[in-house]
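See below for work_3.tsv, which holds TSV, C-alpha atoms and all ligand atoms.
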```
chain	number	residue	atom	x	y	z
Q	84	MET	CA	161.34	109.44	85.61
Q	85	GLU	CA	162.16	105.94	84.41
Q	86	ASP	CA	165.74	105.40	83.23
Q	87	PHE	CA	165.42	104.43	79.56
Q	88	LEU	CA	169.05	103.28	79.51
Q	89	PRO	CA	169.95	101.43	82.70
Q	90	LEU	CA	173.70	100.79	82.49
Q	91	LYS	CA	175.01	98.13	84.90
Q	92	ARG	CA	178.71	98.80	84.61
Q	93	ILE	CA	181.54	99.44	82.20
Q	94	ASP	CA	181.83	96.03	80.57
Q	95	HIS	CA	185.18	96.79	78.94
Q	96	ILE	CA	187.21	99.41	77.14
Q	97	GLU	CA	188.62	98.37	73.76
Q	98	PHE	CA	191.77	99.93	72.35
Q	99	TYR	CA	192.80	99.67	68.71
Q	100	CYS	CA	196.57	99.52	68.53
Q	101	GLY	CA	199.42	98.80	66.16
Q	102	ASN	CA	200.83	95.79	67.97
Q	103	ALA	CA	198.42	94.37	70.53
Q	104	LYS	CA	200.77	91.51	71.35
Q	105	GLN	CA	203.44	93.89	72.62
Q	106	SER	CA	200.97	96.31	74.23
Q	107	ALA	CA	199.55	93.38	76.19
Q	108	ILE	CA	202.99	92.89	77.77
Q	109	TYR	CA	203.14	96.59	78.70
Q	110	TYR	CA	199.77	96.54	80.44
Q	111	GLN	CA	200.68	93.34	82.26
Q	112	TYR	CA	204.17	94.32	83.32
Q	113	ALA	CA	203.77	98.06	83.90
Q	114	PHE	CA	200.18	98.23	85.18
Q	115	GLY	CA	199.83	94.73	86.67
Q	116	PHE	CA	196.96	93.47	84.52
Q	117	LYS	CA	196.36	89.73	84.00
Q	118	LEU	CA	196.03	88.38	80.48
Q	119	THR	CA	192.77	86.41	80.58
Q	120	GLY	CA	191.58	86.04	76.99
Q	121	TYR	CA	192.74	85.85	73.41
Q	122	ALA	CA	191.21	85.76	69.94
Q	123	GLY	CA	193.16	85.61	66.68
Q	124	LEU	CA	194.21	83.41	63.79
Q	125	GLU	CA	194.50	80.35	66.06
Q	126	THR	CA	190.91	80.78	67.19
Q	127	GLY	CA	189.57	81.35	63.70
Q	128	ASN	CA	189.63	85.16	63.65
Q	129	LYS	CA	191.23	86.21	60.37
Q	130	GLU	CA	190.50	89.93	60.80
Q	131	ASN	CA	192.21	90.87	64.02
Q	132	ALA	CA	193.98	89.71	67.15
Q	133	SER	CA	192.55	90.68	70.54
Q	134	TYR	CA	193.94	90.34	74.05
Q	135	VAL	CA	191.73	90.64	77.15
Q	136	LEU	CA	193.42	92.15	80.21
Q	137	GLU	CA	191.85	92.31	83.66
Q	138	GLN	CA	192.60	93.81	87.06
Q	139	GLY	CA	189.98	94.26	89.79
Q	140	LYS	CA	186.79	95.18	87.92
Q	141	ILE	CA	188.73	96.77	85.04
Q	142	ARG	CA	188.66	94.99	81.70
Q	143	PHE	CA	190.60	96.18	78.65
Q	144	ILE	CA	190.68	94.62	75.20
Q	145	LEU	CA	193.66	95.38	72.96
Q	146	THR	CA	192.99	94.77	69.27
Q	147	SER	CA	195.29	94.89	66.24
Q	148	PRO	CA	194.37	94.29	62.57
Q	149	TYR	CA	195.80	91.54	60.34
Q	150	THR	CA	195.09	93.32	57.07
Q	151	ASP	CA	195.86	96.73	55.66
Q	152	ASP	CA	192.38	97.45	54.37
Q	153	SER	CA	190.32	96.87	57.50
Q	154	PHE	CA	188.60	99.60	59.48
Q	155	ILE	CA	190.91	98.83	62.39
Q	156	SER	CA	193.95	99.55	60.18
Q	157	GLN	CA	192.46	102.88	59.12
Q	158	HIS	CA	191.74	103.70	62.77
Q	159	VAL	CA	195.32	102.94	63.80
Q	160	LYS	CA	196.73	104.86	60.84
Q	161	LYS	CA	194.65	107.93	61.62
Q	162	HIS	CA	194.70	107.99	65.42
Q	163	GLY	CA	197.66	105.92	66.49
Q	164	ASP	CA	196.84	103.70	69.46
Q	165	GLY	CA	193.68	104.79	71.22
Q	166	VAL	CA	190.29	103.95	72.65
Q	167	ARG	CA	187.73	102.73	70.12
Q	168	ASP	CA	184.94	101.47	72.38
Q	169	VAL	CA	183.71	102.24	75.86
Q	170	ALA	CA	181.31	99.31	76.27
Q	171	PHE	CA	178.56	99.16	78.87
Q	172	GLU	CA	176.94	96.06	80.31
Q	173	VAL	CA	173.16	96.24	80.06
Q	174	ASP	CA	170.25	93.89	80.64
Q	175	ASP	CA	168.92	94.37	77.15
Q	176	ALA	CA	171.24	95.35	74.29
Q	177	VAL	CA	168.30	95.49	71.85
Q	178	LYS	CA	166.36	97.97	73.95
Q	179	ALA	CA	169.51	100.03	74.69
Q	180	PHE	CA	170.12	100.31	70.95
Q	181	GLN	CA	166.50	101.16	70.12
Q	182	GLU	CA	166.12	103.75	72.88
Q	183	THR	CA	169.34	105.58	71.98
Q	184	VAL	CA	168.89	105.42	68.19
Q	185	LYS	CA	165.31	106.65	68.65
Q	186	ARG	CA	166.84	109.65	70.44
Q	187	GLY	CA	169.30	110.43	67.67
Q	188	ALA	CA	172.27	108.11	68.18
Q	189	ILE	CA	174.01	106.93	65.02
Q	190	ALA	CA	173.99	103.14	64.71
Q	191	VAL	CA	177.32	101.31	64.36
Q	192	LEU	CA	176.28	97.71	65.06
Q	193	GLU	CA	172.65	96.60	64.94
Q	194	PRO	CA	171.79	94.28	67.83
Q	195	THR	CA	173.64	91.05	67.06
Q	196	VAL	CA	173.03	87.74	68.82
Q	197	PHE	CA	176.00	85.41	69.20
Q	198	ASP	CA	174.52	81.95	69.70
Q	199	THR	CA	177.24	79.94	71.43
Q	200	PRO	CA	177.50	76.70	73.41
Q	201	GLU	CA	177.77	78.98	76.46
Q	202	GLY	CA	174.48	80.69	75.69
Q	203	LYS	CA	173.36	83.87	73.97
Q	204	PHE	CA	175.58	86.95	73.96
Q	205	VAL	CA	174.05	90.12	72.52
Q	206	LYS	CA	175.93	93.20	71.38
Q	207	SER	CA	174.94	96.49	69.75
Q	208	SER	CA	176.89	99.74	69.26
Q	209	ILE	CA	176.32	103.43	68.70
Q	210	LYS	CA	178.63	106.28	67.78
Q	211	THR	CA	179.83	108.97	70.15
Q	212	PHE	CA	182.49	111.71	69.63
Q	213	GLY	CA	185.10	111.24	66.89
Q	214	ASP	CA	185.56	107.60	65.90
Q	215	THR	CA	184.71	106.47	69.43
Q	216	ILE	CA	181.73	104.19	70.04
Q	217	HIS	CA	179.66	102.87	72.93
Q	218	SER	CA	178.73	99.20	72.74
Q	219	PHE	CA	175.92	97.67	74.75
Q	220	ILE	CA	176.71	94.18	76.00
Q	221	ASP	CA	174.01	91.81	77.25
Q	222	ARG	CA	175.60	88.76	78.88
Q	223	LYS	CA	172.70	87.75	81.15
Q	224	ASN	CA	172.03	84.53	79.17
Q	225	TYR	CA	175.73	83.87	78.54
Q	226	SER	CA	177.78	81.76	80.92
Q	227	GLY	CA	181.17	82.43	79.28
Q	228	LYS	CA	183.51	84.67	81.25
Q	229	LEU	CA	184.84	86.58	78.25
Q	230	PHE	CA	183.36	87.07	74.79
Q	231	PRO	CA	182.24	84.76	71.98
Q	232	GLY	CA	185.23	83.66	69.92
Q	233	PHE	CA	187.76	84.22	72.70
Q	234	VAL	CA	189.72	81.51	74.49
Q	235	ASP	CA	191.08	81.53	78.00
Q	236	ALA	CA	194.66	82.84	77.97
Q	237	THR	CA	195.52	82.91	81.67
Q	238	ASN	CA	198.27	80.35	81.04
Q	239	ARG	CA	199.97	82.91	78.76
Q	240	SER	CA	199.85	85.64	81.44
Q	241	LEU	CA	203.27	86.94	82.57
Q	242	LYS	CA	204.56	84.96	85.52
Q	243	GLY	CA	205.67	86.60	88.75
Q	244	ILE	CA	203.88	89.91	88.12
Q	245	THR	CA	201.69	91.15	90.97
Q	246	ASP	CA	198.78	93.48	90.41
Q	247	THR	CA	199.29	97.14	91.32
Q	248	GLY	CA	196.10	97.53	93.36
Q	249	LEU	CA	193.97	99.02	90.57
Q	250	LYS	CA	190.28	98.27	91.15
Q	251	SER	CA	187.87	100.04	88.82
Q	252	VAL	CA	187.33	102.81	86.29
Q	253	ASP	CA	186.43	106.04	88.08
Q	254	HIS	CA	185.79	108.16	84.98
Q	255	MET	CA	186.77	108.58	81.33
Q	256	VAL	CA	187.32	111.98	79.76
Q	257	GLY	CA	186.48	112.92	76.19
Q	258	ASN	CA	188.22	115.75	74.34
Q	259	VAL	CA	186.02	117.41	71.72
Q	260	GLU	CA	186.57	120.32	69.33
Q	261	LEU	CA	186.32	123.99	70.18
Q	262	GLY	CA	182.68	124.99	70.46
Q	263	LYS	CA	181.38	121.42	70.50
Q	264	MET	CA	181.28	120.66	74.23
Q	265	LEU	CA	177.63	121.64	74.66
Q	266	ASN	CA	176.59	119.49	71.68
Q	267	TRP	CA	178.16	116.45	73.34
Q	268	VAL	CA	176.75	117.36	76.75
Q	269	GLU	CA	173.33	117.42	75.08
Q	270	PHE	CA	174.05	114.11	73.34
Q	271	TYR	CA	174.79	112.39	76.65
Q	272	ALA	CA	171.76	114.07	78.26
Q	273	ASN	CA	169.18	113.51	75.52
Q	274	THR	CA	170.41	110.31	73.88
Q	275	LEU	CA	171.81	108.38	76.84
Q	276	GLY	CA	169.82	109.99	79.69
Q	277	PHE	CA	172.91	111.23	81.55
Q	278	SER	CA	172.83	114.32	83.75
Q	279	GLN	CA	175.37	117.00	84.44
Q	280	LEU	CA	177.35	116.63	87.67
Q	281	LEU	CA	179.21	119.91	87.94
Q	282	SER	CA	181.10	122.25	85.72
Q	283	PHE	CA	184.06	124.52	85.74
Q	284	ASP	CA	184.81	127.10	83.12
Q	285	ASP	CA	187.98	128.56	81.73
Q	286	LYS	CA	188.21	131.17	84.46
Q	287	ASP	CA	188.74	128.40	86.96
Q	288	ILE	CA	191.31	126.48	85.05
Q	289	SER	CA	193.40	128.59	82.79
Q	290	THR	CA	197.10	129.23	82.90
Q	291	ASP	CA	198.88	131.71	80.65
Q	292	TYR	CA	198.73	129.21	77.82
Q	293	THR	CA	196.22	126.47	78.43
Q	294	ALA	CA	192.56	126.93	78.97
Q	295	LEU	CA	189.73	124.48	78.74
Q	296	MET	CA	186.10	124.11	79.55
Q	297	SER	CA	184.72	120.92	80.97
Q	298	LYS	CA	181.38	119.46	81.96
Q	299	VAL	CA	180.93	116.16	83.75
Q	300	MET	CA	178.13	113.89	82.55
Q	301	GLN	CA	177.04	110.89	84.58
Q	302	ASN	CA	174.47	108.14	84.20
Q	303	ASN	CA	171.45	107.64	86.43
Q	304	THR	CA	173.31	105.64	89.10
Q	305	GLY	CA	176.33	107.95	89.08
Q	306	LYS	CA	178.57	104.94	88.46
Q	307	ILE	CA	179.54	105.98	84.95
Q	308	LYS	CA	181.09	109.42	84.63
Q	309	ILE	CA	182.23	111.02	81.41
Q	310	PRO	CA	183.66	114.54	81.63
Q	311	ILE	CA	183.75	116.36	78.27
Q	312	ASN	CA	186.54	118.88	77.59
Q	313	GLU	CA	186.82	121.48	74.90
Q	314	PRO	CA	189.71	123.87	74.38
Q	315	ALA	CA	189.21	127.49	75.35
Q	316	PRO	CA	191.13	130.26	73.61
Q	317	GLY	CA	194.55	130.78	75.23
Q	318	LYS	CA	197.80	132.50	74.31
Q	319	LYS	CA	199.35	129.35	72.94
Q	320	LYS	CA	198.24	125.87	71.99
Q	321	SER	CA	196.36	124.12	74.79
Q	322	GLN	CA	196.80	120.49	75.74
Q	323	ILE	CA	193.34	119.79	74.29
Q	324	GLU	CA	194.35	121.24	70.91
Q	325	GLU	CA	197.58	119.24	71.05
Q	326	TYR	CA	195.52	116.10	71.61
Q	327	LEU	CA	193.18	116.93	68.71
Q	328	ASP	CA	196.15	117.67	66.43
Q	329	PHE	CA	197.69	114.27	67.10
Q	330	TYR	CA	194.57	112.13	67.50
Q	331	LYS	CA	193.02	113.89	64.47
Q	332	THR	CA	189.50	113.77	65.88
Q	333	PRO	CA	187.82	113.98	69.27
Q	334	GLY	CA	188.45	110.95	71.44
Q	335	ILE	CA	189.16	109.63	74.91
Q	336	GLN	CA	191.84	111.76	76.58
Q	337	HIS	CA	192.28	109.90	79.84
Q	338	ILE	CA	190.96	107.00	81.87
Q	339	ALA	CA	190.99	107.32	85.66
Q	340	LEU	CA	191.58	104.09	87.58
Q	341	THR	CA	190.88	103.74	91.29
Q	342	THR	CA	193.12	102.28	93.97
Q	343	PRO	CA	192.50	101.91	97.71
Q	344	ASN	CA	196.18	102.78	98.37
Q	345	ILE	CA	197.62	105.27	95.92
Q	346	ILE	CA	201.05	105.38	97.59
Q	347	GLU	CA	201.60	101.64	97.17
Q	348	THR	CA	200.13	101.64	93.65
Q	349	VAL	CA	202.28	104.54	92.44
Q	350	LYS	CA	205.43	103.03	93.97
Q	351	LEU	CA	204.83	99.85	91.99
Q	352	LEU	CA	203.97	101.67	88.76
Q	353	ASN	CA	207.13	103.78	89.13
Q	354	GLU	CA	209.30	100.70	89.55
Q	355	ARG	CA	207.81	99.21	86.41
Q	356	GLY	CA	208.46	102.17	84.18
Q	357	VAL	CA	205.17	104.10	84.14
Q	358	GLU	CA	206.06	107.80	83.72
Q	359	PHE	CA	204.15	110.44	85.67
Q	360	LEU	CA	203.75	114.20	85.45
Q	361	THR	CA	205.51	116.05	88.26
Q	362	VAL	CA	204.70	119.34	89.98
Q	363	PRO	CA	207.17	121.76	91.64
Q	364	GLY	CA	208.11	121.33	95.33
Q	365	THR	CA	206.22	124.53	96.18
Q	366	TYR	CA	203.00	122.58	95.56
Q	367	TYR	CA	203.76	120.50	98.66
Q	368	SER	CA	204.87	123.40	100.89
Q	369	GLU	CA	201.46	125.02	100.27
Q	370	LEU	CA	199.48	121.79	100.50
Q	371	GLU	CA	198.55	121.70	104.19
Q	372	ASN	CA	197.33	125.31	104.09
Q	373	ARG	CA	195.12	124.48	101.15
Q	374	ILE	CA	193.81	121.06	102.20
Q	375	GLY	CA	194.24	120.82	105.98
Q	376	LYS	CA	195.28	117.64	107.78
Q	377	ILE	CA	195.20	114.41	105.81
Q	378	ASP	CA	196.04	110.79	106.69
Q	379	GLU	CA	199.00	110.59	104.31
Q	380	ASP	CA	202.54	111.84	104.89
Q	381	ILE	CA	202.94	114.91	102.67
Q	382	LYS	CA	206.67	114.23	102.26
Q	383	GLU	CA	205.89	110.81	100.84
Q	384	LEU	CA	203.25	112.25	98.49
Q	385	GLY	CA	205.83	114.81	97.36
Q	386	LYS	CA	208.41	112.14	96.61
Q	387	LEU	CA	205.95	110.33	94.37
Q	388	GLY	CA	204.32	113.45	92.90
Q	389	ILE	CA	200.82	112.57	94.13
Q	390	LEU	CA	198.37	115.50	94.14
Q	391	VAL	CA	195.61	116.22	96.67
Q	392	ASP	CA	192.36	118.13	96.37
Q	393	LYS	CA	189.27	118.47	98.54
Q	394	ASP	CA	185.60	119.29	98.26
Q	395	GLU	CA	182.71	119.46	100.71
Q	396	ASP	CA	182.53	115.64	100.95
Q	397	GLY	CA	186.17	114.85	101.64
Q	398	TYR	CA	189.45	114.72	99.76
Q	399	LEU	CA	191.05	112.81	96.91
Q	400	LEU	CA	194.56	111.85	95.87
Q	401	GLN	CA	195.46	111.68	92.19
Q	402	ILE	CA	198.36	111.48	89.77
Q	403	PHE	CA	198.55	111.56	85.98
Q	404	THR	CA	200.77	109.51	83.70
Q	405	LYS	CA	202.47	110.93	80.67
Q	406	PRO	CA	200.83	109.77	77.41
Q	407	VAL	CA	201.20	106.00	77.07
Q	408	GLU	CA	201.82	106.15	73.31
Q	409	ASP	CA	204.38	108.11	71.29
Q	410	ARG	CA	201.67	110.45	70.06
Q	411	PRO	CA	200.77	112.81	72.95
Q	412	THR	CA	197.20	111.51	73.21
Q	413	LEU	CA	195.77	109.04	75.75
Q	414	PHE	CA	197.03	108.97	79.34
Q	415	PHE	CA	195.89	107.47	82.63
Q	416	GLU	CA	194.98	108.97	85.98
Q	417	ILE	CA	195.37	107.01	89.21
Q	418	ILE	CA	192.88	108.17	91.85
Q	419	GLN	CA	192.10	107.37	95.46
Q	420	ARG	CA	188.91	108.92	96.81
Q	421	LYS	CA	188.55	109.65	100.50
Q	422	GLY	CA	185.01	110.98	100.39
Q	423	ALA	CA	185.51	113.58	97.67
Q	424	ARG	CA	183.29	113.17	94.62
Q	425	SER	CA	184.87	115.87	92.46
Q	426	PHE	CA	187.74	115.60	89.97
Q	427	GLY	CA	190.64	117.60	91.39
Q	428	LYS	CA	189.85	121.08	90.10
Q	429	GLY	CA	192.22	122.56	92.70
Q	430	ASN	CA	195.09	120.75	91.00
Q	431	PHE	CA	194.37	121.86	87.47
Q	432	LYS	CA	196.61	124.89	87.48
Q	433	ALA	CA	199.66	123.02	88.83
Q	434	LEU	CA	198.89	120.20	86.47
Q	435	PHE	CA	198.47	122.32	83.37
Q	436	GLU	CA	201.76	124.03	84.08
Q	437	SER	CA	203.32	120.59	84.29
Q	438	ILE	CA	201.74	119.54	80.98
Q	439	GLU	CA	202.95	122.78	79.38
Q	440	ARG	CA	206.52	121.94	80.40
Q	441	GLU	CA	206.07	118.63	78.57
Q	442	GLN	CA	204.47	120.34	75.57
Q	443	SER	CA	207.37	122.75	75.44
Q	444	LEU	CA	209.79	119.78	75.29
Q	445	ARG	CA	207.72	118.36	72.42
Q	446	GLY	CA	207.67	121.72	70.64
Q	447	THR	CA	203.87	121.70	70.56
Q	448	LEU	CA	203.08	124.59	72.92
O	501	FE2	FE	190.34	112.82	85.51
```
The structure given in the file should be rewritten as structure tokens.
Amino acid sequence: MEDFLPLKRIDHIEFYCGNAKQSAIYYQYAFGFKLTGYAGLETGNKENASYVLEQGKIRFILTSPYTDDSFISQHVKKHGDGVRDVAFEVDDAVKAFQETVKRGAIAVLEPTVFDTPEGKFVKSSIKTFGDTIHSFIDRKNYSGKLFPGFVDATNRSLKGITDTGLKSVDHMVGNVELGKMLNWVEFYANTLGFSQLLSFDDKDISTDYTALMSKVMQNNTGKIKIPINEPAPGKKKSQIEEYLDFYKTPGIQHIALTTPNIIETVKLLNERGVEFLTVPGTYYSELENRIGKIDEDIKELGKLGILVDKDEDGYLLQIFTKPVEDRPTLFFEIIQRKGARSFGKGNFKALFESIEREQSLRGTL
């Protein structure tokens, strides 16, 4: 069957935040991103300031409002800092909009052509869960590197900061409300033409307290993967409910970033103040029995808190940060795949227990 929505790549992920100027320093210093673009008052934008950050193929935009009555202000007030837009590059942003709206998507931005000296840039957007949107970006007739209205800001990038080896977005996870997972699975299937990769239910991944259900949706090429989580009834409040309580609506829970050398990446992130979840030492004494021989030194993985899981195609190494805002909402995963195409189901129990220790400290369990 023909793919009615051919997505080329994740063009960028846009975050709405309270103070983009300071967040831009955090992502540069702690995660090793380069500041490449800027838009704001000096460039004629009276609504908001935006900073473009890049590392490998990953592109983030951090945006803060100038006024108290803008939609961005309301978004920040309601959600705290968080992901507003997961934008896809497409060949035709008009067709992407028409095909998805025809299939039930709610329009956010009608196809809009930005006629610039660097050519035509076309953008359209549709709604997904919560206040999150997907934009379609067509830059095939646009020679600019960034976005219309942005200026190059590489000269403002922090000096002397190396990258941390992050290369691309592996997947992004959405948290939705209890009982709504299947609706959103159907949305990605029917409206965006995604298919389901694999699923695990609460029997696989419950602890005494936390339980969740999750289904992984991916686009036609398999390059774009969006797992959808919903809470499952447990004895106490699950991490998904905690997220929904603080974010106020469904939204992006975590973004997984790839590295070809997780040990080196995590060492650098540690030195620069990124905080990670830890698991008990017993996890590592049982690891070889569970996984078999791997290339990495288990002692070293244990020191850094890196987790390992395997499937029929190989294994993967992964680690999760603590939330990167004061509200316990969005966090990052760092992942290195060595053949495995799954998401670390074997680590969920150890991980959930770790998250519950954090929840207990926050008084939200
Ligand atoms: Fe993940």
Check every protein, DNA and RNA residue against ligand FE2 501 (chain O), keep those with an atom at most 8 Å away (counting only C-alpha atoms and all ligand atoms), and present them as an mmCIF file with C-alpha atoms, in the coordinates of the input.
```cif
data_model
loop_
_atom_site.group_PDB
_atom_site.id
_atom_site.type_symbol
_atom_site.label_atom_id
_atom_site.label_comp_id
_atom_site.auth_asym_id
_atom_site.auth_seq_id
_atom_site.Cartn_x
_atom_site.Cartn_y
_atom_site.Cartn_z
ATOM 1 C CA HIS Q 254 185.790 108.160 84.980
ATOM 2 C CA MET Q 255 186.770 108.580 81.330
ATOM 3 C CA VAL Q 256 187.320 111.980 79.760
ATOM 4 C CA PRO Q 310 183.660 114.540 81.630
ATOM 5 C CA HIS Q 337 192.280 109.900 79.840
ATOM 6 C CA ILE Q 338 190.960 107.000 81.870
ATOM 7 C CA ALA Q 339 190.990 107.320 85.660
ATOM 8 C CA GLU Q 416 194.980 108.970 85.980
ATOM 9 C CA PHE Q 426 187.740 115.600 89.970
ATOM 10 C CA GLY Q 427 190.640 117.600 91.390
#
```
Kindly indicate which residue among Q:Tyr326, Q:Phe87, Q:Phe219, Q:Phe415 lies nearest to Q:Val252, using only C-alpha atoms for the distances.
->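 Using only C-alpha atoms, the shortest distance to Q:Val252 belongs to Q:Phe415.
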Between atom CA of Q:Gln322 and atom CA of Q:Tyr367, what is the spacing in Å?
-> 24.0 Å
Excluding stretch 194-207 of chain Q and any residue of its chain fewer than 2 positions from it, enumerate the residues within 8 Å of it, using all atoms listed in the file, and give them as a PyMOL selection string.
-> chain Q and resi 176-177+180+191-192+209+218-227+230-231
Please provide as a ChimeraX atom specification all residues within 10 Å of stretch 146-151 of chain Q, with the sequence filter that same-chain residues fewer than 6 positions apart are discarded (counting all atoms listed in the file).
-> /Q:97-104,106-107,121-124,128-135,157-160,164,167
So how far away is atom CA of Q:Asp174 from atom CA of Q:Leu88, in Å?
->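 Atom-to-atom, atom CA of Q:Leu88 to atom CA of Q:Asp174, that is 9.5 Å.
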To one decimal place, how far is atom CA of Q:Glu125 from atom CA of Q:Lys228 in Å?
->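 Going from atom CA of Q:Glu125 over to atom CA of Q:Lys228, I get 19.2 Å.
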The centre and edge lengths of an axis-aligned box containing all atoms of stretch 157-164 of chain Q present in the file, extended by 6 Å on each side, are to be given in Å to one decimal, as AutoDock Vina command-line options.
```
--center_x 194.7 --center_y 105.4 --center_z 64.3 --size_x 17.9 --size_y 17.1 --size_z 22.3
```
Nearest-residue call for Q:Leu340, choices Q:Arg420, Q:Arg186, Q:Lys393, Q:Lys178, using all atoms listed in the file | Q:Arg420
Which residues come within 10 Å of Q:Thr365, counting all atoms listed in the file, excluding same-chain residues fewer than 4 positions away, as a list in words?
->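 That gives Glu369, Leu370, Gly385 and Ala433 of chain Q.
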Check the smallest atom-to-atom distance from each of Q:Met296, Q:Val357, Q:Val407, Q:Leu448 to Q:Thr247 using all atoms listed in the file, then report the winner.
->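 Of all the options, Q:Val357 lies closest to Q:Thr247.
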Nearest residue to Q:Glu379 from the set Q:Met300, Q:Leu360, Q:Leu400, Q:Leu90 (distances using all atoms listed in the file) |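 Among the listed residues, the smallest separation from Q:Glu379 belongs to Q:Leu400.
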Each stretch 331-447 of chain Q residue no farther than 12 Å from stretch 259-271 of chain Q, nearest pair in Å, only C-alpha atoms, as a tab-separated table:
```
residue	atom	partner	partner_atom	distance
Q:Lys331	CA	Q:Glu260	CA	10.3
Q:Thr332	CA	Q:Val259	CA	7.7
Q:Pro333	CA	Q:Val259	CA	4.6
Q:Gly334	CA	Q:Val259	CA	6.9
Q:Ile335	CA	Q:Val259	CA	9.0
Q:Gln336	CA	Q:Val259	CA	9.5
```
Which of these residues is nearest to Q:Glu408, using all atoms listed in the file: Q:Val166, Q:Ala236, Q:Ile141, Q:Ile438?
->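 Using all atoms listed in the file, the shortest distance to Q:Glu408 belongs to Q:Val166.
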Which residues come within 12 Å of Q:Tyr398, counting all atoms listed in the file, excluding same-chain residues fewer than 3 positions away, as a VMD selection string?
-> chain Q and resid 373 to 379 390 to 395 401 418 to 429
